[in-house]
Protein chains: 2
Amino acid sequence: MTSTRAVTTVLANERRRLARLGTADRVSEILREQIAAGLFPPGTRLSEESIGEALGVSRNTLRESFRLLGHEKLVVHELNRGVFVRVLTAEDVADLFLLRQIIESSALEIAGRAGPLELGPVFAAVEQAEAAAGEGRWDEVATLDLQFHQEIVALAHSPRLDELMHRLLAELRLAFHVMHGSQQFHEPYLMRNRKIVTLLKRKKLDQAARELHAYLDDAQRELLSAFRAEQDQPSKGHVVSDR
Amino acid sequence: MTSTRAVTTVLANERRRLARLGTADRVSEILREQIAAGLFPPGTRLSEESIGEALGVSRNTLRESFRLLGHEKLVVHELNRGVFVRVLTAEDVADLFLLRQIIESSALEIAGRAGPLELGPVFAAVEQAEAAAGEGRWDEVATLDLQFHQEIVALAHSPRLDELMHRLLAELRLAFHVMHGSQQFHEPYLMRNRKIVTLLKRKKLDQAARELHAYLDDAQRELLSAFRAEQDQPSKGHVVSDR
DNA sequence: CTGTATCGTTTTGTTGAACAATTCTCCAAG
DNA sequence: CTTGGAGAATTGTTCAACAAAACGATACAG
């Protein structure tokens with residue numbers, strides 16, 4: 001019953017694991033992580049010389065990494081001036097949430113049409129987030145809140161939708177970093193995640209979708225107001241020279 | 001009436017025109033065009049040496065270009081083997097159409113909620129396409145058909161949605177190239193574009209959305225069957241060594 | 001005090017060469 | 001027809017060099 005095509009497909013998927021990553025890819029992974037972690041706050045200039053020396057890679061290789069990050073919109077490349085960690089505008093945040101509304105609601109709809117939901121990973125994200133919140137590990141709470149939504153999208157089984165969501169969330173992380181004390185921003189939303197997954201379990205798709213929509217609306221509103229406040233009146237020395 | 005914010009926004013948009021492009025960006029533009037035009041059919045290996053020499057750029061610069069194209073999924077980078085023009089699978093095509101359904105229908109809905117539609121560019125795309133079809137310029141017909149859908153998405157005024165659509169269509173072009181005689185594939189759909197824009201003009205948003213949905217369904221079906229046929233039985237010597 | 005012209009410094013943009021590592025090609029042996 | 005292997009070709013990565021642009025500070029003119 002194992003068709004030739006099935007074998008080919010499976011092996012083709014395994015292939016990418018076999019193919020090791022080049023230096024440029026690994027460097028961009030590191031930088032991606034460190035940008036997300038806040039080591040390089042938005043506005044920071046990423047010097048080719050200093051970072052290249054720190055990581056022990058040549059400027060040419062580092063430049064390839066920068067191209068990748070630039071295409072992901074995590075950094076902005078300005079000719080003859082260098083690459084800077086992206087500084088999101090309020091318009092960016094609004095646009096990101098617009099896309100999230102589209103993607104997450106569409107994913108739910110598609111998943112519902114397709115068949116029974118595989119809610120394991122969704123549940124796992126909620127429960128790990130609740131556990132982390134109980135112990136005050138707020139940065140993990142933030143990560144797991146985002147992962148919950150990533151898993152929602154994963155229900156649709158679309159590779160491109162998954163990747164798109166992943167990039168949107170990476171970009172959105174930049175917004176959290178410009179706000180101080182953003183870690184606990186996510187905590188109140190855990191209850192709502194729990195509610196959504198419960199509704200999904202009971203196959204109340206429409207209700208879950210409405211709940212999700214309201215979640216995103218509220219989160220956007222709250223984030224945007226905090227975001228604008230922080231922008232008008234930068235609180236601390238967090239802001240690095242962007243000129 | 002000209003708010004400070006409006007001025008800032010306009011200037012920010014102009015800024016990118018002021019910032020000239022680097023060599024790597026210009027090279028990737030050229031390669032993008034030539035891939036879309038069919039000079040490099042899917043499966044073709046893009047040799048660093050030959051292309052670098054032909055364009056008069058160094059290997060290092062060319063590599064930066066390849067990274068950009070790879071991130072756009074127009075080429076696939078395999079370690080120690082080089083970059084190849086992407087060969088889409090049937091699953092890829094299906095996934096691309098899934099995304100198109102989501103994006104185009106969402107765009108229509110958002111545009112309808114937002115306010116009066118600016119249908120100028122949409123009309124223009126339809127009319128230019130009809131003119132091109134009348135004179136048998138089929139490659140232009142194909143381009144303008146895709147542009148019509150791009151303009152539909154533009155009605156939503158979302159930068160990220162625009163860019164996403166643009167990349168999806170660039171990727172989808174790869175599918176047309178593996179089918180021979182794909183130029184006239186688009187011609188029957190011009191009537192449907194005309195119908196959609198007419199419905200939009202009359203503010204029959206729901207009806208237009210249904211029409212658009214049916215368009216995409218039919219196009220996907222037709223493309224996929226032609227696509228699978230061509231894959232199973234490659235017609236000519238078009239297929240270049242992909243090993 | 002404000003603006004601007006200028007010059008030296010720093011950083012990026014791009015190239016060319018070099019070498020290691022991997023893959024490809026082709027041919028011979030089993 | 002498959003397996004092995006030697007040599008050729010290509011990619012991966014670094015390094016050094018130089019042109020070009022941006023930055024910074026200082027001096028000068030109004």
# chains A, B, ... in the order shown; residues from 1 in each chain; ligands from 1
$ closest_atom_pairs --of "chain D" --to "chain A" --cutoff "8 Å" --atoms "only C-alpha atoms (C1' of nucleotides)" --output "JSON lines"
{"residue": "D:DG12", "atom": "C1'", "partner": "A:Gly22", "partner_atom": "CA", "distance": 7.8}
{"residue": "D:DT13", "atom": "C1'", "partner": "A:Thr61", "partner_atom": "CA", "distance": 7.2}
{"residue": "D:DT14", "atom": "C1'", "partner": "A:Ser58", "partner_atom": "CA", "distance": 6.1}
{"residue": "D:DA21", "atom": "C1'", "partner": "A:Asn80", "partner_atom": "CA", "distance": 5.9}
{"residue": "D:DA22", "atom": "C1'", "partner": "A:Arg81", "partner_atom": "CA", "distance": 6.7}
$ write_last_selection --atoms "N, CA and C atoms (P, O5', C5', C4', C3', O3' and C1' of nucleotides)" --output "PDB file, in the first residue's frame"
ATOM      1  P    DG D  12      27.187  26.851  -1.273  1.00  0.00           P
ATOM      2  O5'  DG D  12      28.485  26.842  -0.366  1.00  0.00           O
ATOM      3  C5'  DG D  12      28.721  25.738   0.502  1.00  0.00           C
ATOM      4  C4'  DG D  12      29.726  26.096   1.583  1.00  0.00           C
ATOM      5  C3'  DG D  12      29.415  27.392   2.344  1.00  0.00           C
ATOM      6  O3'  DG D  12      29.721  27.201   3.723  1.00  0.00           O
ATOM      7  C1'  DG D  12      31.525  27.587   1.289  1.00  0.00           C
ATOM      8  P    DT D  13      29.320  28.359   4.783  1.00  0.00           P
ATOM      9  O5'  DT D  13      30.654  29.206   4.880  1.00  0.00           O
ATOM     10  C5'  DT D  13      31.846  28.527   5.269  1.00  0.00           C
ATOM     11  C4'  DT D  13      33.030  29.451   5.134  1.00  0.00           C
ATOM     12  C3'  DT D  13      32.814  30.875   5.642  1.00  0.00           C
ATOM     13  O3'  DT D  13      33.463  30.981   6.897  1.00  0.00           O
ATOM     14  C1'  DT D  13      34.130  30.788   3.639  1.00  0.00           C
ATOM     15  P    DT D  14      33.580  32.424   7.639  1.00  0.00           P
ATOM     16  O5'  DT D  14      35.030  32.872   7.193  1.00  0.00           O
ATOM     17  C5'  DT D  14      36.082  31.916   7.230  1.00  0.00           C
ATOM     18  C4'  DT D  14      37.327  32.497   6.579  1.00  0.00           C
ATOM     19  C3'  DT D  14      37.692  33.906   7.061  1.00  0.00           C
ATOM     20  O3'  DT D  14      38.973  33.876   7.670  1.00  0.00           O
ATOM     21  C1'  DT D  14      37.776  33.750   4.681  1.00  0.00           C
ATOM     22  P    DA D  21      29.258  57.554  -3.824  1.00  0.00           P
ATOM     23  O5'  DA D  21      28.522  57.633  -2.414  1.00  0.00           O
ATOM     24  C5'  DA D  21      27.925  56.466  -1.870  1.00  0.00           C
ATOM     25  C4'  DA D  21      27.954  56.532  -0.363  1.00  0.00           C
ATOM     26  C3'  DA D  21      27.422  57.848   0.207  1.00  0.00           C
ATOM     27  O3'  DA D  21      26.223  57.593   0.909  1.00  0.00           O
ATOM     28  C1'  DA D  21      29.444  57.137   1.297  1.00  0.00           C
ATOM     29  P    DA D  22      25.419  58.759   1.647  1.00  0.00           P
ATOM     30  O5'  DA D  22      25.953  58.627   3.146  1.00  0.00           O
ATOM     31  C5'  DA D  22      25.781  57.396   3.835  1.00  0.00           C
ATOM     32  C4'  DA D  22      26.470  57.462   5.187  1.00  0.00           C
ATOM     33  C3'  DA D  22      25.983  58.590   6.082  1.00  0.00           C
ATOM     34  O3'  DA D  22      25.783  58.071   7.391  1.00  0.00           O
ATOM     35  C1'  DA D  22      28.318  58.690   5.874  1.00  0.00           C
TER      36       DA D  22
END
$ interface_residues --of "chain C" --to "chain A" --cutoff "9 Å" --atoms "only C-alpha atoms (C1' of nucleotides)" --output "number ranges by chain"
C: 11-13
$ residues_around --residues "B:Glu222" --least-positions-apart "6" --cutoff "12 Å" --atoms "only C-alpha atoms (C1' of nucleotides)" --output "compact mmCIF listing (two decimals) with all heavy atoms, in the first residue's frame"
# COMPACT_ATOMS: atom_id res chain seq x y z
N VAL B 93 1.13 24.18 -5.38
CA VAL B 93 0.11 24.92 -6.12
C VAL B 93 -1.19 24.99 -5.33
O VAL B 93 -1.82 26.05 -5.22
CB VAL B 93 -0.13 24.27 -7.50
CG1 VAL B 93 -1.27 24.98 -8.22
CG2 VAL B 93 1.13 24.32 -8.34
N ALA B 94 -1.57 23.88 -4.73
CA ALA B 94 -2.80 23.87 -3.94
C ALA B 94 -2.68 24.82 -2.76
O ALA B 94 -3.62 25.57 -2.44
CB ALA B 94 -3.10 22.45 -3.46
N PHE B 97 -3.01 28.43 -3.84
CA PHE B 97 -4.39 28.84 -4.10
C PHE B 97 -5.18 28.96 -2.80
O PHE B 97 -6.06 29.82 -2.69
CB PHE B 97 -5.08 27.86 -5.05
CG PHE B 97 -4.92 28.24 -6.49
CD1 PHE B 97 -3.89 27.73 -7.25
CD2 PHE B 97 -5.78 29.17 -7.07
CE1 PHE B 97 -3.73 28.10 -8.58
CE2 PHE B 97 -5.63 29.54 -8.38
CZ PHE B 97 -4.61 29.01 -9.15
N PHE B 176 3.15 28.22 -13.97
CA PHE B 176 2.76 28.41 -15.36
C PHE B 176 3.86 27.99 -16.31
O PHE B 176 3.61 27.50 -17.40
CB PHE B 176 2.39 29.87 -15.62
CG PHE B 176 1.14 30.30 -14.90
CD1 PHE B 176 1.18 31.28 -13.94
CD2 PHE B 176 -0.07 29.70 -15.21
CE1 PHE B 176 0.03 31.67 -13.27
CE2 PHE B 176 -1.23 30.09 -14.55
CZ PHE B 176 -1.19 31.07 -13.57
N MET B 179 4.09 24.38 -17.59
CA MET B 179 3.10 23.93 -18.56
C MET B 179 3.38 24.61 -19.91
O MET B 179 3.58 25.81 -19.97
CB MET B 179 1.69 24.30 -18.12
CG MET B 179 1.38 23.90 -16.71
SD MET B 179 -0.34 24.20 -16.36
CE MET B 179 -0.60 25.75 -17.18
N SER B 182 0.90 27.82 -21.75
CA SER B 182 0.13 28.30 -20.60
C SER B 182 -0.34 29.74 -20.81
O SER B 182 -1.12 30.25 -20.04
CB SER B 182 1.00 28.26 -19.35
OG SER B 182 2.09 29.12 -19.51
N PHE B 185 -3.92 30.22 -21.17
CA PHE B 185 -4.64 29.75 -20.00
C PHE B 185 -5.50 30.86 -19.39
O PHE B 185 -6.62 30.64 -18.96
CB PHE B 185 -3.63 29.23 -18.96
CG PHE B 185 -4.20 28.98 -17.60
CD1 PHE B 185 -4.81 27.77 -17.29
CD2 PHE B 185 -4.11 29.95 -16.61
CE1 PHE B 185 -5.32 27.54 -16.02
CE2 PHE B 185 -4.63 29.72 -15.34
CZ PHE B 185 -5.24 28.52 -15.06
N HIS B 186 -4.97 32.06 -19.43
CA HIS B 186 -5.63 33.18 -18.73
C HIS B 186 -6.83 33.75 -19.51
O HIS B 186 -7.72 34.33 -18.90
CB HIS B 186 -4.63 34.29 -18.46
CG HIS B 186 -3.53 33.89 -17.53
ND1 HIS B 186 -3.63 34.04 -16.16
CD2 HIS B 186 -2.33 33.31 -17.75
CE1 HIS B 186 -2.52 33.60 -15.59
NE2 HIS B 186 -1.71 33.15 -16.53
N PRO B 188 -9.67 32.85 -20.97
CA PRO B 188 -11.09 32.66 -20.61
C PRO B 188 -11.48 33.35 -19.32
O PRO B 188 -12.67 33.56 -19.06
CB PRO B 188 -11.20 31.14 -20.45
CG PRO B 188 -10.00 30.57 -21.12
CD PRO B 188 -8.94 31.59 -21.02
N TYR B 189 -10.49 33.70 -18.51
CA TYR B 189 -10.81 34.28 -17.20
C TYR B 189 -11.01 35.79 -17.27
O TYR B 189 -11.46 36.40 -16.29
CB TYR B 189 -9.71 33.94 -16.19
CG TYR B 189 -9.69 32.47 -15.84
CD1 TYR B 189 -8.84 31.58 -16.50
CD2 TYR B 189 -10.54 31.97 -14.87
CE1 TYR B 189 -8.84 30.23 -16.19
CE2 TYR B 189 -10.55 30.61 -14.54
CZ TYR B 189 -9.70 29.75 -15.22
OH TYR B 189 -9.71 28.42 -14.91
N TYR B 215 -14.00 31.78 -9.27
CA TYR B 215 -12.88 31.98 -10.20
C TYR B 215 -11.68 31.19 -9.72
O TYR B 215 -11.08 30.40 -10.47
CB TYR B 215 -12.56 33.48 -10.27
CG TYR B 215 -11.32 33.85 -11.02
CD1 TYR B 215 -11.38 34.62 -12.19
CD2 TYR B 215 -10.05 33.47 -10.58
CE1 TYR B 215 -10.24 34.98 -12.88
CE2 TYR B 215 -8.92 33.82 -11.27
CZ TYR B 215 -9.02 34.58 -12.41
OH TYR B 215 -7.89 34.93 -13.08
N LEU B 216 -11.33 31.41 -8.46
CA LEU B 216 -10.12 30.78 -7.94
C LEU B 216 -10.27 29.26 -7.90
O LEU B 216 -9.33 28.53 -8.20
CB LEU B 216 -9.80 31.34 -6.56
CG LEU B 216 -9.32 32.79 -6.56
CD1 LEU B 216 -9.18 33.33 -5.14
CD2 LEU B 216 -8.00 32.91 -7.31
N ARG B 228 -0.39 18.54 -13.23
CA ARG B 228 -0.06 17.15 -12.96
C ARG B 228 0.24 16.39 -14.26
O ARG B 228 1.16 15.58 -14.32
CB ARG B 228 -1.22 16.46 -12.24
CG ARG B 228 -1.40 16.93 -10.81
CD ARG B 228 -2.37 15.99 -10.10
NE ARG B 228 -3.29 16.70 -9.23
CZ ARG B 228 -3.11 16.83 -7.91
NH1 ARG B 228 -2.03 16.33 -7.35
NH2 ARG B 228 -3.98 17.48 -7.17
N ALA B 229 -0.54 16.68 -15.29
CA ALA B 229 -0.31 16.02 -16.57
C ALA B 229 1.09 16.32 -17.08
O ALA B 229 1.82 15.42 -17.51
CB ALA B 229 -1.36 16.49 -17.58
$ interface_residues --of "chain A" --to "chain B" --cutoff "8 Å" --atoms "only C-alpha atoms" --output "list in words"
Ala19, Arg20, Leu21, Gly22, Asn60, Arg63, Glu64, Arg67, Leu68, His71, Glu78, Leu79, Asp95, Leu96, Leu99, Ile102, Ile103, Ser106, Ser158, Pro159, Arg160 and Leu161 of chain A
$ closest_residue --among "A:Gly56, A:Gln183, A:Ile196, A:Arg202" --to "A:Ala133" --atoms "only C-alpha atoms"
A:Gln183
$ calpha_fit_and_write --fixed "chain A" --moving "chain B" --output "CSV table (one decimal) with C-alpha atoms, in the first residue's frame"
chain,number,residue,atom,x,y,z
B,1,MET,CA,-1.4,1.4,2.9
B,2,THR,CA,1.8,3.3,2.5
B,3,SER,CA,1.5,5.0,-0.8
B,4,THR,CA,4.5,5.9,-2.9
B,5,ARG,CA,3.5,9.5,-2.7
B,6,ALA,CA,3.5,9.4,1.1
B,7,VAL,CA,7.0,8.0,1.2
B,8,THR,CA,8.2,10.6,-1.2
B,9,THR,CA,6.7,13.4,0.9
B,10,VAL,CA,8.2,12.1,4.1
B,11,LEU,CA,11.6,11.8,2.6
B,12,ALA,CA,11.4,15.2,1.1
B,13,ASN,CA,10.6,16.6,4.6
B,14,GLU,CA,13.5,14.7,6.2
B,15,ARG,CA,15.8,16.0,3.5
B,16,ARG,CA,16.0,19.4,4.9
B,17,ARG,CA,17.3,18.0,8.2
B,18,LEU,CA,20.0,16.1,6.3
B,19,ALA,CA,21.1,19.2,4.6
B,20,ARG,CA,23.2,21.0,7.1
B,21,LEU,CA,23.0,24.7,7.4
B,22,GLY,CA,25.6,27.0,6.1
B,23,THR,CA,27.4,29.5,8.3
B,24,ALA,CA,25.2,32.4,7.1
B,25,ASP,CA,22.1,30.5,8.0
B,26,ARG,CA,23.4,29.7,11.4
B,27,VAL,CA,24.5,33.2,12.1
B,28,SER,CA,21.1,34.6,11.1
B,29,GLU,CA,19.5,32.1,13.5
B,30,ILE,CA,21.6,33.4,16.3
B,31,LEU,CA,20.8,37.0,15.5
B,32,ARG,CA,17.1,36.2,15.1
B,33,GLU,CA,17.1,34.7,18.6
B,34,GLN,CA,19.0,37.5,20.1
B,35,ILE,CA,16.8,40.1,18.6
B,36,ALA,CA,13.7,38.3,19.9
B,37,ALA,CA,15.4,38.0,23.3
B,38,GLY,CA,16.0,41.7,23.4
B,39,LEU,CA,19.8,41.7,23.3
B,40,PHE,CA,19.5,44.0,20.4
B,41,PRO,CA,16.6,46.4,21.0
B,42,PRO,CA,14.9,48.1,18.1
B,43,GLY,CA,16.9,50.9,16.7
B,44,THR,CA,20.3,49.2,17.5
B,45,ARG,CA,22.7,49.3,14.7
B,46,LEU,CA,24.3,46.0,13.9
B,47,SER,CA,27.9,46.7,13.1
B,48,GLU,CA,29.5,44.4,10.6
B,49,GLU,CA,32.9,44.6,12.2
B,50,SER,CA,32.0,44.1,15.8
B,51,ILE,CA,29.4,41.3,15.3
B,52,GLY,CA,31.5,39.6,12.7
B,53,GLU,CA,34.4,39.6,15.1
B,54,ALA,CA,32.3,38.5,18.0
B,55,LEU,CA,30.9,35.5,16.1
B,56,GLY,CA,34.1,34.7,14.3
B,57,VAL,CA,32.7,35.1,10.8
B,58,SER,CA,33.8,37.2,8.0
B,59,ARG,CA,32.1,40.4,6.9
B,60,ASN,CA,31.0,38.8,3.6
B,61,THR,CA,29.3,35.9,5.4
B,62,LEU,CA,27.7,38.2,7.9
B,63,ARG,CA,26.3,40.3,5.1
B,64,GLU,CA,24.5,37.3,3.7
B,65,SER,CA,22.9,36.8,7.1
B,66,PHE,CA,21.8,40.4,7.2
B,67,ARG,CA,20.1,40.0,3.8
B,68,LEU,CA,18.1,37.2,5.3
B,69,LEU,CA,17.1,39.1,8.3
B,70,GLY,CA,16.3,42.1,6.2
B,71,HIS,CA,14.0,40.1,4.0
B,72,GLU,CA,12.2,39.0,7.2
B,73,LYS,CA,11.8,42.6,8.2
B,74,LEU,CA,13.5,42.1,11.5
B,75,VAL,CA,16.2,44.5,10.4
B,76,VAL,CA,16.3,47.4,8.1
B,77,HIS,CA,19.1,47.9,5.6
B,78,GLU,CA,20.0,51.4,4.8
B,79,LEU,CA,22.5,51.9,2.1
B,80,ASN,CA,25.9,53.0,3.3
B,81,ARG,CA,24.6,53.3,6.8
B,82,GLY,CA,24.2,49.7,7.9
B,83,VAL,CA,21.5,47.5,9.3
B,84,PHE,CA,19.4,48.4,12.2
B,85,VAL,CA,17.0,46.4,14.3
B,86,ARG,CA,13.6,47.4,13.0
B,87,VAL,CA,11.6,50.0,14.8
B,88,LEU,CA,7.9,49.3,14.4
B,89,THR,CA,5.4,52.2,13.9
B,90,ALA,CA,1.9,52.1,15.2
B,91,GLU,CA,0.8,51.6,11.6
B,92,ASP,CA,3.0,48.5,11.5
B,93,VAL,CA,1.4,47.1,14.6
B,94,ALA,CA,-2.1,47.7,13.3
B,95,ASP,CA,-1.2,46.1,10.0
B,96,LEU,CA,0.3,43.1,11.7
B,97,PHE,CA,-2.9,42.6,13.7
B,98,LEU,CA,-5.0,42.9,10.5
B,99,LEU,CA,-3.0,40.1,9.1
B,100,ARG,CA,-3.3,38.0,12.2
B,101,GLN,CA,-7.1,38.4,12.1
B,102,ILE,CA,-7.2,37.2,8.5
B,103,ILE,CA,-4.8,34.3,9.0
B,104,GLU,CA,-6.0,33.0,12.3
B,105,SER,CA,-9.7,33.2,11.5
B,106,SER,CA,-9.1,31.7,8.0
B,107,ALA,CA,-7.0,28.9,9.6
B,108,LEU,CA,-9.8,28.0,11.9
B,109,GLU,CA,-12.3,28.0,9.1
B,110,ILE,CA,-10.1,25.8,6.9
B,111,ALA,CA,-9.3,23.4,9.8
B,112,GLY,CA,-13.0,23.1,10.5
B,113,ARG,CA,-13.9,22.2,6.9
B,114,ALA,CA,-11.0,19.8,6.6
B,115,GLY,CA,-11.9,17.3,9.3
B,116,PRO,CA,-11.3,16.5,13.0
B,117,LEU,CA,-9.0,18.8,14.8
B,118,GLU,CA,-5.7,17.7,16.2
B,119,LEU,CA,-5.8,19.7,19.3
B,120,GLY,CA,-2.8,18.1,21.1
B,121,PRO,CA,-0.3,20.9,20.4
B,122,VAL,CA,-2.8,23.6,21.1
B,123,PHE,CA,-3.7,22.2,24.5
B,124,ALA,CA,0.0,21.7,25.2
B,125,ALA,CA,0.7,25.4,24.5
B,126,VAL,CA,-2.1,26.5,26.8
B,127,GLU,CA,-1.1,24.2,29.7
B,128,GLN,CA,2.6,25.1,29.5
B,129,ALA,CA,1.7,28.7,29.4
B,130,GLU,CA,-0.4,28.4,32.5
B,131,ALA,CA,2.3,26.5,34.3
B,132,ALA,CA,4.9,29.1,33.4
B,133,ALA,CA,2.5,31.9,34.6
B,134,GLY,CA,2.1,30.1,37.9
B,135,GLU,CA,5.8,30.2,38.5
B,136,GLY,CA,6.2,33.8,37.2
B,137,ARG,CA,8.3,33.0,34.2
B,138,TRP,CA,6.8,35.8,32.2
B,139,ASP,CA,9.1,35.7,29.2
B,140,GLU,CA,8.1,32.0,28.7
B,141,VAL,CA,4.4,33.0,29.1
B,142,ALA,CA,4.9,35.5,26.3
B,143,THR,CA,6.5,32.9,24.0
B,144,LEU,CA,3.9,30.3,24.8
B,145,ASP,CA,1.0,32.7,24.2
B,146,LEU,CA,2.4,33.3,20.7
B,147,GLN,CA,3.0,29.6,20.2
B,148,PHE,CA,-0.7,29.0,21.1
B,149,HIS,CA,-1.7,31.1,18.1
B,150,GLN,CA,0.9,29.5,16.0
B,151,GLU,CA,-0.6,26.1,16.8
B,152,ILE,CA,-4.1,27.4,16.0
B,153,VAL,CA,-2.8,28.3,12.5
B,154,ALA,CA,-1.1,24.9,12.2
B,155,LEU,CA,-4.5,23.3,12.4
B,156,ALA,CA,-5.0,24.3,8.7
B,157,HIS,CA,-2.1,22.2,7.6
B,158,SER,CA,-0.8,24.8,5.2
B,159,PRO,CA,3.0,25.2,5.0
B,160,ARG,CA,2.8,28.7,3.7
B,161,LEU,CA,0.3,29.8,6.3
B,162,ASP,CA,2.5,28.4,9.0
B,163,GLU,CA,5.5,30.2,7.8
B,164,LEU,CA,3.7,33.4,7.3
B,165,MET,CA,2.3,33.3,10.8
B,166,HIS,CA,5.8,32.6,12.1
B,167,ARG,CA,7.2,35.6,10.5
B,168,LEU,CA,4.4,37.9,11.6
B,169,LEU,CA,4.9,36.9,15.2
B,170,ALA,CA,8.6,37.4,15.0
B,171,GLU,CA,7.9,40.9,13.7
B,172,LEU,CA,5.3,41.5,16.4
B,173,ARG,CA,7.9,40.6,19.0
B,174,LEU,CA,9.7,43.8,18.1
B,175,ALA,CA,6.7,45.7,19.4
B,176,PHE,CA,6.8,44.1,22.8
B,177,HIS,CA,10.4,45.0,23.3
B,178,VAL,CA,9.8,48.8,23.0
B,179,MET,CA,7.3,48.6,25.9
B,180,HIS,CA,8.8,48.1,29.3
B,181,GLY,CA,7.2,45.5,31.5
B,182,SER,CA,5.6,43.9,28.5
B,183,GLN,CA,6.1,40.4,29.9
B,184,GLN,CA,3.0,40.4,32.0
B,185,PHE,CA,1.0,41.8,29.1
B,186,HIS,CA,0.2,38.2,28.0
B,187,GLU,CA,-0.9,36.9,31.4
B,188,PRO,CA,-4.6,38.0,31.3
B,189,TYR,CA,-5.0,36.4,27.9
B,190,LEU,CA,-4.2,32.9,29.1
B,191,MET,CA,-7.8,32.5,30.3
B,192,ARG,CA,-9.0,33.4,26.9
B,193,ASN,CA,-6.7,30.9,25.2
B,194,ARG,CA,-8.1,28.3,27.5
B,195,LYS,CA,-11.6,29.2,26.6
B,196,ILE,CA,-10.9,29.1,22.9
B,197,VAL,CA,-9.3,25.6,23.1
B,198,THR,CA,-12.2,24.4,25.2
B,199,LEU,CA,-14.7,25.6,22.6
B,200,LEU,CA,-12.6,23.9,19.9
B,201,LYS,CA,-12.7,20.7,21.8
B,202,ARG,CA,-16.5,20.9,21.9
B,203,LYS,CA,-16.5,21.6,18.1
B,204,LYS,CA,-18.0,25.0,18.6
B,205,LEU,CA,-16.0,26.4,15.8
B,206,ASP,CA,-18.0,29.6,15.2
B,207,GLN,CA,-18.0,30.5,18.8
B,208,ALA,CA,-14.3,29.9,19.0
B,209,ALA,CA,-13.7,32.1,16.0
B,210,ARG,CA,-15.7,34.9,17.6
B,211,GLU,CA,-13.7,34.5,20.8
B,212,LEU,CA,-10.5,34.6,18.8
B,213,HIS,CA,-11.6,37.7,17.0
B,214,ALA,CA,-12.4,39.5,20.2
B,215,TYR,CA,-9.1,38.4,21.7
B,216,LEU,CA,-7.2,39.9,18.8
B,217,ASP,CA,-9.2,43.1,18.9
B,218,ASP,CA,-8.6,43.6,22.6
B,219,ALA,CA,-4.9,42.7,22.4
B,220,GLN,CA,-4.4,45.1,19.5
B,221,ARG,CA,-6.2,47.9,21.3
B,222,GLU,CA,-4.2,47.4,24.5
B,223,LEU,CA,-0.9,46.9,22.8
B,224,LEU,CA,-1.4,49.9,20.6
B,225,SER,CA,-2.2,52.3,23.4
B,226,ALA,CA,0.7,51.1,25.4
B,227,PHE,CA,2.9,51.3,22.3
B,228,ARG,CA,2.0,54.8,21.5
B,229,ALA,CA,2.5,55.9,25.0
B,230,GLU,CA,5.9,54.4,25.1
B,231,GLN,CA,6.8,56.0,21.8
B,232,ASP,CA,5.8,59.5,22.8
B,233,GLN,CA,7.6,59.3,26.1
B,234,PRO,CA,10.5,56.8,25.9
B,235,SER,CA,10.9,55.6,29.5
B,236,LYS,CA,14.5,54.7,29.9
B,237,GLY,CA,17.9,54.6,28.3
B,238,HIS,CA,16.7,51.6,26.4
B,239,VAL,CA,16.6,53.5,23.2
B,240,VAL,CA,19.8,53.3,21.3
B,241,SER,CA,20.9,55.8,18.8
B,242,ASP,CA,19.1,55.2,15.5
B,243,ARG,CA,20.9,57.9,13.5
$ atom_distance --atom1 "atom C1' of C:DT15" --atom2 "atom C1' of D:DT11"
18.2 Å
$ select_by_dssp --residues "stretch 17-188 of chain A" --states "strand (DSSP E or B)" --output "list in words"
Arg45, Leu46, Val75, Val76, His77, Glu78, Gly82, Val83, Phe84 and Val85 of chain A
$ write_last_selection --atoms "N, CA, C and O atoms" --output "short mmCIF file (atom, residue, chain, number, x, y, z; two decimals), in the first residue's frame"
data_model
loop_
_atom_site.label_atom_id
_atom_site.label_comp_id
_atom_site.auth_asym_id
_atom_site.auth_seq_id
_atom_site.Cartn_x
_atom_site.Cartn_y
_atom_site.Cartn_z
N ARG A 45 22.08 49.54 15.87
CA ARG A 45 22.77 49.27 14.63
C ARG A 45 23.61 48.00 14.81
O ARG A 45 24.28 47.84 15.83
N LEU A 46 23.54 47.13 13.84
CA LEU A 46 24.32 45.89 13.89
C LEU A 46 25.57 46.09 13.05
O LEU A 46 25.54 46.02 11.83
N VAL A 75 15.24 43.40 10.51
CA VAL A 75 16.18 44.51 10.46
C VAL A 75 15.92 45.30 9.18
O VAL A 75 15.29 44.82 8.24
N VAL A 76 16.38 46.52 9.20
CA VAL A 76 16.24 47.39 8.04
C VAL A 76 17.63 47.71 7.51
O VAL A 76 18.52 48.07 8.27
N HIS A 77 17.77 47.53 6.22
CA HIS A 77 19.06 47.75 5.60
C HIS A 77 19.06 49.12 4.92
O HIS A 77 18.30 49.35 3.99
N GLU A 78 19.90 50.00 5.37
CA GLU A 78 20.00 51.32 4.74
C GLU A 78 21.36 51.43 4.06
O GLU A 78 22.39 51.24 4.70
N GLY A 82 24.24 50.82 7.03
CA GLY A 82 24.25 49.60 7.82
C GLY A 82 22.86 49.03 8.06
O GLY A 82 21.88 49.51 7.51
N VAL A 83 22.80 48.00 8.89
CA VAL A 83 21.51 47.39 9.22
C VAL A 83 21.15 47.74 10.65
O VAL A 83 22.01 47.78 11.53
N PHE A 84 19.87 48.01 10.85
CA PHE A 84 19.36 48.40 12.16
C PHE A 84 18.22 47.48 12.54
O PHE A 84 17.42 47.09 11.67
N VAL A 85 18.16 47.14 13.80
CA VAL A 85 17.00 46.38 14.26
C VAL A 85 15.77 47.25 14.02
O VAL A 85 15.76 48.43 14.33
#
